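Before any comments, here is the structure.
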Amino acid sequence: MSESNIVLPVLSGGQVLILWLVLISAIVALGYGLYLVRIVMAANPGAKSMTDVADAVEEGAMAYLRQQVRTMRWFVVLICIALFFMYRHVYSGWELPIGIAIAFLMGVSASYGAGFVGMWLAVKGNVRSANAALTSFKDAMELAFKAGGVSGMFTVGLGLLGATIIFLIFRENAMKVLVGFGFGGSLAALFMRVGGGIYTKAADVGGDLVGKVEAGIPEDDPRNAATIADNVGDNVGDCAGMAADVFESYEVTLVAAIILAAYALGEKDFIAAYGGPAGAGAFAVKLIIFALILRAVGVFSSIIGIMAVRVPAGSTMRDPMRPIVNGYIASALASIIGFFIVNYFYLSDPATGRPDWRFAITASVGIVLAVVTLWLTNYFTHPDKGPVTECATAAKTGPATLLLSGMAEGLESSVWALVVIAISIITAMLIFHNSLALQFYGIALTGLGLLTTTGFILAMDTYGPITDNAHGIFEMGGIHQEEASRTLSWMDAIGNTTKALTKGLAIATAVIAAVSLFRSFIDEAHLGELGVQINTPTVFVGLLIGGAVPFLFSSFAIKAVGRAAYQVVVEVRRQFREHPGIMEYKEKPDYGRCVEIVTATAQKELLGPGILAVFAPMLVGFGLGAGALGGFLGGTILTGQLMAVFMANAGATWDNAKKKIEDGFLGGKGTDVHKAAVVGDTVGDPFKDTAGPALNPMIKVMNLVGILAAPFTPAAIGGVTVGRVFIVIVSIVLLGVAVAFSKKGSIAEEPGAGAATKAAA
C-alpha cells in the first residue's frame, strides 16, 4: 500500500491527551538542559591565560558554524521548493505538500539547532572543566559530563518537540509529513558531519605532523600555529557534527516506526489479526502513539543516567569510564522498566485484553544491542584492552606495522558489529513471527529502544571533545600542575573511547533505520509482490553502484582532509622558518591563518558529498527503475555499515595507541615508538572523525531520498519520458560536478609540484 493511500482513524481524545503529555516531556528535556547550563556557567572559568585560549576557540567555532549555514542555505531552499512541487502531484490540495516542505525546514533547523546548542556549551564547559581539574578529579569529571549532557537533552527535546508538533497539527496524516522532517534532519547532519569532520581533522593532522614529529613539541603547545584550529575543530566536528548526527538517528528511527505502523494497515495478516479494518486501524494508531511514548520515556531515563554519573567524594584519579558506565546502566535499566510499564497500561491484545509483552521485549532488544555494541567498541578501542595494547606494541618496529595492526583490528570489529545487528534483526522477526507487518515494525522498535537513552549517549560523546579541549586549554594556558595535567590527559584518553562508543551506536542505528526505511521504500515503489530481484541485470547493476558509493563518498572526505592538512603543514613550517622566535616564545604564531585555511577547505568540500547523497539514488531510480534503486539502497547499507565501523574503530585504536605511549608505555613521548604512533594517529583521524561518521547520515539520506522519489520512479528501465530523461541528465551533470569538485585544488597542481616530481624521477 502506498503512503498516499493510507488513511488512519481519527485520533481519540485520550490519544490527543497523550500527545500533549509527550510534548510536555520534550519541554522537560529542554528545561533540564537549561538547568545543566546554569550549573556549568556558574563554575569558575579560571585564569585569564586559559580564558583567552577558550575565547579564541569559541570565536572560531561560532564563526565556522555561521559560515556553514550561509553556505548551505540555498541548497536547502532549493530542495524545499522541489519537495513542494513534487508532492503537489501526489496529494490533492495544498496542505500536505506545504506541510512536507515546512517539515523539511523544521528538520534542518532542529538538527542545526541541536548542534549549535551542544557546541555553544561545550566551548563554555571546556575551560571550566580544565580549571576544575586544579581542585579535584571529581569536579573536573562531573562538570565535563554535565556540559555534555546539555547537548544530549537539547537534542532529545528538539527532536521530540518537532515530531509531536507535526502530529498535533496533521493528526491522521502526520506520517506523510514526518518523512520531510526526517529528511531535513539527515541532510543537515550530513553537511555538519562532513564539514566539521574535514575542519577538525585537517587542523589535527597538520598540527601533529609538524609539531610532534618534526618540531618535537607537545600536542597543544602554544608555539604550534595549528593548535587553535585543532581545538576549534574538536567542537565543530565532535560536538556540532555528532549532535546533528545523533539527532537525525533519533528522528529517523521514530519516523521509520511511525511509517511502518501505518503501513501495517495494508497487510492482510495484520487486518485479520486485529478484528478487521476498523480494529486494525485503531491498533495501528496505538502502535504509532506507543513509539512516541517510548521517546518520552527516554527523556526521563536519560536524566536519571546523567544524574547517576558521580565520582565518590575525596577519591583519587581512577578510570573515568567507570562512572560513565554506571550512569549508562542506570539509564538503560530505567528505560527497560519504562517500556514494560507503558506496555502494561497501553498495549493490550484486543482478543484477550491482556498486555502483549512482545513490544516491550522487542524495544528491550534495542537496549541489549546498544550494550553489546558498547562492549565491542570499548574492547577494540579502550587504552587498556588487548587490541590497543597490541597496536601500540607494533609501533616498536615502525609506523608500517602499527598501521597494519590497527587496520586488522578495525576490519575484525566491523564483522562482529554486523553480526550483532543481524542477530537483533532476526530476533525482532522471531518475536513477531506470525505477522510480516509487525516484523518490520519490530525492527524499527529495536532502533527506538537503542536510542531511548539518546540524552545520555550524546552526553557521553560530547564529554570527549570537552575533555580534549580542556587538556589543550590547560597546556596552552601555561598552567603547570602535574596532578591536574595527568587527570585531564586520562580524561581525554577515555573521551576518545566514549566518542568511539557513540559512533558505534550511531552506525548501528543507521543500519536498523535503513532496514526499516527500506521496507517503506518497497511499499512506496510497489515492489511488494516482486521484491528486489538481484538476478535481474538492472537490479544487480544498482546493487553494484550502491555498494561503490560509500567508497566514493569516503574518498571525497579523506581527500579533502589530506589537502587541507597539506596546506596546514606548509603554513606551520613557514611560520617556524620565517619567525624563529616562535620556538623561543619571543614571537606569537599567527593562529588565524590556519583557521582560515581549514575553514575555506571545509566549506569548499561540502557540496560534493551532498550532491552524491541526493542525486546518486535519483540517477539509479530514474535511469534503471525502482528495482535497481532497491538494489542500490541494499548495496549502500551493506558497504556503508562495514566501512563506517572499520574506519571509526581503526582510527580510535590508532589514536589510543598513541595516547597509551604518551602516558609512558614503551618509553613515552619523544621516542621513535611515539613518532610511529603519531603517524598512525594522523592516518586514523580522517577515518574516525570524518569519513566514517559521515557515512551514517549518508545511508539514511539516500534511503529517505528513495522513499520521497519512489512515487515518481518508473517500474523498469523502459518507458522513456521527457521528465525521466531530464532528471537523469541533471543527475549525471551534478554528479560529474561533484567528482570534478573533489579533484579541484589538487596539491599536484601547485607551483613547483611538477618540477619536484621530475627531480624525484
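Naming works like this for the C-alpha cells: A, B, ... for the chains as they're shown, residue 1 at the start of each chain, ligands 1 onward in shown order.
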Non-local contacts of A:Tyr250 (7 Å; only C-alpha atoms; under 4 positions in same chain excluded) as a compact mmCIF listing (two decimals) with C-alpha atoms, in the first residue's frame:
# COMPACT_ATOMS: atom_id res chain seq x y z
CA VAL A 246 22.55 11.61 16.66
CA LEU A 254 10.97 7.37 15.11
CA LEU A 451 18.26 5.30 21.11
- Item | In stretch 436-589 of chain A, DSSP helix (DSSP H, G or I) residues written as an NGL selection string | :A and (436-450 or 454-476 or 482-524 or 537-578 or 580-582)
Considering only C-alpha atoms, tabulate each residue of stretch 609-711 of chain A that lies at most 7 Å from stretch 556-563 of chain A along with its nearest interatomic pair and the corresponding distance in Å to one decimal; arrange the rows by chain and ascending residue number and present them as a Markdown table.
| residue | atom | partner | partner_atom | distance |
| --- | --- | --- | --- | --- |
| A:Pro609 | CA | A:Phe556 | CA | 6.9 |
| A:Pro686 | CA | A:Ile558 | CA | 5.9 |
| A:Thr690 | CA | A:Ala557 | CA | 6.6 |
| A:Ala691 | CA | A:Ala557 | CA | 5.6 |
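Going from atom CA of A:Leu488 over to atom CA of A:Lys660, you cover 14.0 Å.
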- Message: Under the rule that only C-alpha atoms are counted, which of A:Ile27, A:Val232, A:Ala103, A:Ala226 is the nearest residue to A:Phe576?
- Response: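 Of A:Ile27, A:Val232, A:Ala103, A:Ala226, the one nearest A:Phe576 is A:Ala226, counting only C-alpha atoms.
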Interface rows for stretch 4-33 of chain A against stretch 134-156 of chain A: nearest pair, Å to one decimal, 8 Å, only C-alpha atoms, as a Markdown table:
| residue | atom | partner | partner_atom | distance |
| --- | --- | --- | --- | --- |
| A:Ala26 | CA | A:Val156 | CA | 7.2 |
| A:Ala29 | CA | A:Met153 | CA | 5.3 |
| A:Leu30 | CA | A:Phe154 | CA | 5.4 |
| A:Tyr32 | CA | A:Met153 | CA | 7.0 |
| A:Gly33 | CA | A:Val150 | CA | 4.7 |
Take the residues from that selection and put them in a file with all heavy atoms, as an mmCIF file, in the first residue's frame.
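After the write, part-v3.cif holds the following:
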data_model
loop_
_atom_site.group_PDB
_atom_site.id
_atom_site.type_symbol
_atom_site.label_atom_id
_atom_site.label_comp_id
_atom_site.auth_asym_id
_atom_site.auth_seq_id
_atom_site.Cartn_x
_atom_site.Cartn_y
_atom_site.Cartn_z
ATOM 1 N N ALA A 26 8.984 16.660 26.174
ATOM 2 C CA ALA A 26 10.006 17.334 25.363
ATOM 3 C C ALA A 26 10.427 18.643 26.020
ATOM 4 O O ALA A 26 11.620 18.991 26.049
ATOM 5 C CB ALA A 26 9.475 17.592 23.954
ATOM 6 N N ALA A 29 12.728 17.939 28.849
ATOM 7 C CA ALA A 29 14.102 17.706 28.381
ATOM 8 C C ALA A 29 14.828 19.034 28.174
ATOM 9 O O ALA A 29 15.982 19.203 28.597
ATOM 10 C CB ALA A 29 14.086 16.907 27.079
ATOM 11 N N LEU A 30 14.167 19.980 27.520
ATOM 12 C CA LEU A 30 14.786 21.291 27.297
ATOM 13 C C LEU A 30 15.016 22.017 28.623
ATOM 14 O O LEU A 30 16.046 22.682 28.807
ATOM 15 C CB LEU A 30 13.895 22.128 26.382
ATOM 16 C CG LEU A 30 13.699 21.588 24.951
ATOM 17 C CD1 LEU A 30 12.693 22.440 24.192
ATOM 18 C CD2 LEU A 30 15.018 21.526 24.203
ATOM 19 N N TYR A 32 15.574 20.616 31.590
ATOM 20 C CA TYR A 32 16.712 20.018 32.293
ATOM 21 C C TYR A 32 18.024 20.446 31.633
ATOM 22 O O TYR A 32 19.034 20.660 32.313
ATOM 23 C CB TYR A 32 16.590 18.496 32.313
ATOM 24 C CG TYR A 32 17.665 17.827 33.131
ATOM 25 C CD1 TYR A 32 17.705 17.953 34.512
ATOM 26 C CD2 TYR A 32 18.666 17.074 32.515
ATOM 27 C CE1 TYR A 32 18.702 17.359 35.265
ATOM 28 C CE2 TYR A 32 19.663 16.458 33.262
ATOM 29 C CZ TYR A 32 19.677 16.604 34.639
ATOM 30 O OH TYR A 32 20.670 16.012 35.378
ATOM 31 N N GLY A 33 17.979 20.579 30.300
ATOM 32 C CA GLY A 33 19.163 21.073 29.610
ATOM 33 C C GLY A 33 19.537 22.477 30.074
ATOM 34 O O GLY A 33 20.714 22.778 30.304
#
- Which one of A:Pro617, A:Pro218, A:Gly115, A:Gly281 sits closest to A:Ile727 if you count only C-alpha atoms?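 Checking each candidate against A:Ile727, we get A:Pro617 as the closest.
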- Task: Just the residues within 9 Å of stretch 261-278 of chain A, please, counting only C-alpha atoms, with nothing from its chain fewer than 3 positions along; format it as an MDAnalysis selection string.
- Result: chainID A and resid 1:3 6:9 175 256:258 281:288 349:351 434:438 440:441 520 523
Take the residues from that selection and put them in a file with N, CA, C and O atoms, as a compact mmCIF listing (two decimals), in the first residue's frame.
# COMPACT_ATOMS: atom_id res chain seq x y z
N MET A 1 0.85 -1.20 0.00
CA MET A 1 0.00 0.00 0.00
C MET A 1 0.88 1.24 0.00
O MET A 1 1.82 1.35 0.77
N SER A 2 0.58 2.21 -0.89
CA SER A 2 1.34 3.45 -0.94
C SER A 2 0.97 4.35 0.22
O SER A 2 -0.17 4.38 0.67
N GLU A 3 1.95 5.11 0.65
CA GLU A 3 1.73 6.04 1.75
C GLU A 3 0.61 7.03 1.45
O GLU A 3 -0.15 7.42 2.33
N ILE A 6 -2.85 5.74 2.50
CA ILE A 6 -3.12 5.34 3.89
C ILE A 6 -3.97 6.41 4.58
O ILE A 6 -3.66 7.59 4.51
N VAL A 7 -5.02 5.98 5.21
CA VAL A 7 -5.86 6.88 5.99
C VAL A 7 -6.02 6.28 7.38
O VAL A 7 -6.62 5.22 7.55
N LEU A 8 -5.45 6.94 8.39
CA LEU A 8 -5.57 6.46 9.77
C LEU A 8 -6.91 6.89 10.36
O LEU A 8 -7.48 7.91 9.95
N PRO A 9 -7.40 6.15 11.33
CA PRO A 9 -8.62 6.58 12.02
C PRO A 9 -8.39 7.90 12.75
O PRO A 9 -7.26 8.27 13.06
N MET A 175 2.05 10.95 9.37
CA MET A 175 3.15 10.09 8.90
C MET A 175 3.57 10.46 7.48
O MET A 175 4.68 10.17 7.05
N ALA A 256 10.63 6.02 10.99
CA ALA A 256 10.50 4.66 10.43
C ALA A 256 9.45 3.86 11.17
O ALA A 256 8.62 3.17 10.55
N ALA A 257 9.46 3.92 12.50
CA ALA A 257 8.48 3.17 13.29
C ALA A 257 7.06 3.65 13.01
O ALA A 257 6.13 2.84 12.86
N ILE A 258 6.87 4.96 12.90
CA ILE A 258 5.54 5.52 12.65
C ILE A 258 5.04 5.12 11.26
O ILE A 258 3.89 4.70 11.08
N GLY A 281 -7.07 -0.55 12.25
CA GLY A 281 -6.76 0.88 12.21
C GLY A 281 -6.54 1.45 13.60
O GLY A 281 -5.60 2.21 13.83
N ALA A 282 -7.41 1.06 14.53
CA ALA A 282 -7.28 1.56 15.91
C ALA A 282 -5.98 1.08 16.54
O ALA A 282 -5.30 1.84 17.24
N PHE A 283 -5.60 -0.19 16.26
CA PHE A 283 -4.38 -0.73 16.86
C PHE A 283 -3.14 -0.10 16.21
O PHE A 283 -2.13 0.13 16.89
N ALA A 284 -3.22 0.20 14.90
CA ALA A 284 -2.09 0.86 14.22
C ALA A 284 -1.83 2.22 14.84
O ALA A 284 -0.66 2.62 15.03
N VAL A 285 -2.88 2.96 15.16
CA VAL A 285 -2.70 4.26 15.81
C VAL A 285 -2.05 4.07 17.18
O VAL A 285 -1.18 4.86 17.58
N LYS A 286 -2.44 3.02 17.90
CA LYS A 286 -1.82 2.76 19.21
C LYS A 286 -0.32 2.47 19.06
O LYS A 286 0.48 2.88 19.91
N LEU A 287 0.04 1.76 17.99
CA LEU A 287 1.46 1.48 17.76
C LEU A 287 2.24 2.77 17.49
O LEU A 287 3.38 2.92 17.93
N ILE A 288 1.61 3.69 16.76
CA ILE A 288 2.26 4.98 16.49
C ILE A 288 2.45 5.76 17.78
O ILE A 288 3.54 6.28 18.06
N ASP A 349 -3.54 -6.97 23.98
CA ASP A 349 -4.02 -7.73 22.84
C ASP A 349 -5.54 -7.57 22.76
O ASP A 349 -6.25 -7.91 23.72
N PRO A 350 -6.09 -7.04 21.65
CA PRO A 350 -7.54 -6.83 21.57
C PRO A 350 -8.36 -8.12 21.76
O PRO A 350 -9.49 -8.06 22.23
N ALA A 351 -7.76 -9.26 21.41
CA ALA A 351 -8.51 -10.52 21.52
C ALA A 351 -8.62 -11.00 22.96
O ALA A 351 -9.65 -11.54 23.37
N ASN A 434 4.55 -14.33 13.40
CA ASN A 434 3.27 -14.61 12.74
C ASN A 434 2.70 -13.40 12.01
O ASN A 434 1.56 -13.43 11.56
N SER A 435 3.45 -12.31 11.90
CA SER A 435 2.94 -11.11 11.22
C SER A 435 4.08 -10.40 10.51
O SER A 435 4.99 -9.87 11.15
N LEU A 436 4.00 -10.37 9.17
CA LEU A 436 5.04 -9.70 8.38
C LEU A 436 5.06 -8.21 8.68
O LEU A 436 6.13 -7.60 8.80
N ALA A 437 3.87 -7.62 8.83
CA ALA A 437 3.80 -6.18 9.10
C ALA A 437 4.48 -5.85 10.42
O ALA A 437 5.25 -4.88 10.51
N LEU A 438 4.21 -6.64 11.46
CA LEU A 438 4.78 -6.35 12.77
C LEU A 438 6.26 -6.70 12.84
O LEU A 438 6.98 -6.17 13.69
N PHE A 440 8.55 -5.87 10.63
CA PHE A 440 9.29 -4.66 10.28
C PHE A 440 9.07 -3.56 11.32
O PHE A 440 10.00 -2.79 11.61
N TYR A 441 7.88 -3.48 11.89
CA TYR A 441 7.66 -2.54 12.99
C TYR A 441 8.57 -2.91 14.16
O TYR A 441 9.15 -2.03 14.82
N SER A 520 9.72 0.60 3.82
CA SER A 520 8.84 1.69 3.39
C SER A 520 9.04 1.97 1.90
O SER A 520 8.08 2.22 1.16
N ASP A 523 7.22 -0.60 -0.28
CA ASP A 523 5.79 -0.31 -0.39
C ASP A 523 5.53 0.88 -1.29
O ASP A 523 4.62 0.86 -2.13
- Would you list the contacts of A:Pro550 as an MDAnalysis selection string, taking every protein, DNA or RNA residue within 10 Å and counting only C-alpha atoms, but skipping same-chain residues closer than 6 positions in sequence? chainID A and resid 556 612:613 635:644 691:692 694:695 698:699
So that I have them on file, write out the residues from the current selection with N, CA, C and O atoms, as a short mmCIF file (atom, residue, chain, number, x, y, z; two decimals), in the first residue's frame.
data_model
loop_
_atom_site.label_atom_id
_atom_site.label_comp_id
_atom_site.auth_asym_id
_atom_site.auth_seq_id
_atom_site.Cartn_x
_atom_site.Cartn_y
_atom_site.Cartn_z
N PHE A 556 35.97 11.38 -1.23
CA PHE A 556 35.78 12.84 -1.20
C PHE A 556 36.25 13.41 0.13
O PHE A 556 36.98 14.40 0.19
N LEU A 612 26.24 13.93 -4.08
CA LEU A 612 26.34 12.48 -4.25
C LEU A 612 25.21 11.77 -3.50
O LEU A 612 24.58 10.85 -4.03
N ALA A 613 24.95 12.17 -2.26
CA ALA A 613 23.94 11.50 -1.44
C ALA A 613 22.53 11.69 -1.99
O ALA A 613 21.69 10.79 -1.88
N GLY A 635 22.90 -2.23 -1.42
CA GLY A 635 24.36 -2.19 -1.51
C GLY A 635 24.96 -1.09 -0.66
O GLY A 635 25.99 -1.28 0.00
N THR A 636 24.29 0.06 -0.61
CA THR A 636 24.78 1.18 0.19
C THR A 636 24.74 0.86 1.68
O THR A 636 25.68 1.17 2.42
N ILE A 637 23.65 0.24 2.13
CA ILE A 637 23.52 -0.12 3.54
C ILE A 637 24.65 -1.07 3.95
O ILE A 637 25.29 -0.89 4.99
N LEU A 638 24.91 -2.09 3.13
CA LEU A 638 25.90 -3.10 3.49
C LEU A 638 27.31 -2.53 3.55
O LEU A 638 27.99 -2.60 4.58
N THR A 639 27.78 -1.96 2.45
CA THR A 639 29.18 -1.49 2.44
C THR A 639 29.34 -0.25 3.32
O THR A 639 30.41 -0.04 3.90
N GLY A 640 28.28 0.57 3.42
CA GLY A 640 28.36 1.74 4.29
C GLY A 640 28.57 1.35 5.73
O GLY A 640 29.39 1.95 6.44
N GLN A 641 27.82 0.34 6.20
CA GLN A 641 27.97 -0.10 7.59
C GLN A 641 29.37 -0.67 7.84
O GLN A 641 30.02 -0.33 8.83
N LEU A 642 29.83 -1.53 6.97
CA LEU A 642 31.14 -2.16 7.16
C LEU A 642 32.26 -1.13 7.16
O LEU A 642 33.16 -1.15 8.00
N MET A 643 32.19 -0.19 6.21
CA MET A 643 33.24 0.82 6.14
C MET A 643 33.20 1.77 7.33
O MET A 643 34.23 2.18 7.86
N ALA A 644 31.99 2.13 7.76
CA ALA A 644 31.86 3.08 8.87
C ALA A 644 32.46 2.50 10.15
O ALA A 644 33.20 3.19 10.86
N ALA A 691 35.28 10.62 7.52
CA ALA A 691 34.60 9.73 6.57
C ALA A 691 33.70 8.72 7.28
O ALA A 691 32.54 8.53 6.89
N GLY A 692 34.22 8.05 8.32
CA GLY A 692 33.44 7.01 9.00
C GLY A 692 32.12 7.51 9.54
O GLY A 692 31.04 7.00 9.18
N ALA A 694 30.47 10.23 8.85
CA ALA A 694 29.62 10.85 7.83
C ALA A 694 28.85 9.82 7.02
O ALA A 694 27.84 10.15 6.39
N LEU A 695 29.31 8.57 7.03
CA LEU A 695 28.57 7.52 6.31
C LEU A 695 27.21 7.25 6.94
O LEU A 695 26.28 6.81 6.26
N MET A 698 24.73 9.68 5.53
CA MET A 698 24.66 9.40 4.10
C MET A 698 23.72 8.24 3.80
O MET A 698 22.89 8.29 2.89
N ILE A 699 23.84 7.15 4.59
CA ILE A 699 22.99 5.98 4.39
C ILE A 699 21.52 6.36 4.52
O ILE A 699 20.67 5.97 3.71
#
- Query: Pick from A:Val739, A:Val415, A:Ala470, A:Ala648: nearest to A:Ser555, with only C-alpha atoms counted?
  - Reply: A:Val739
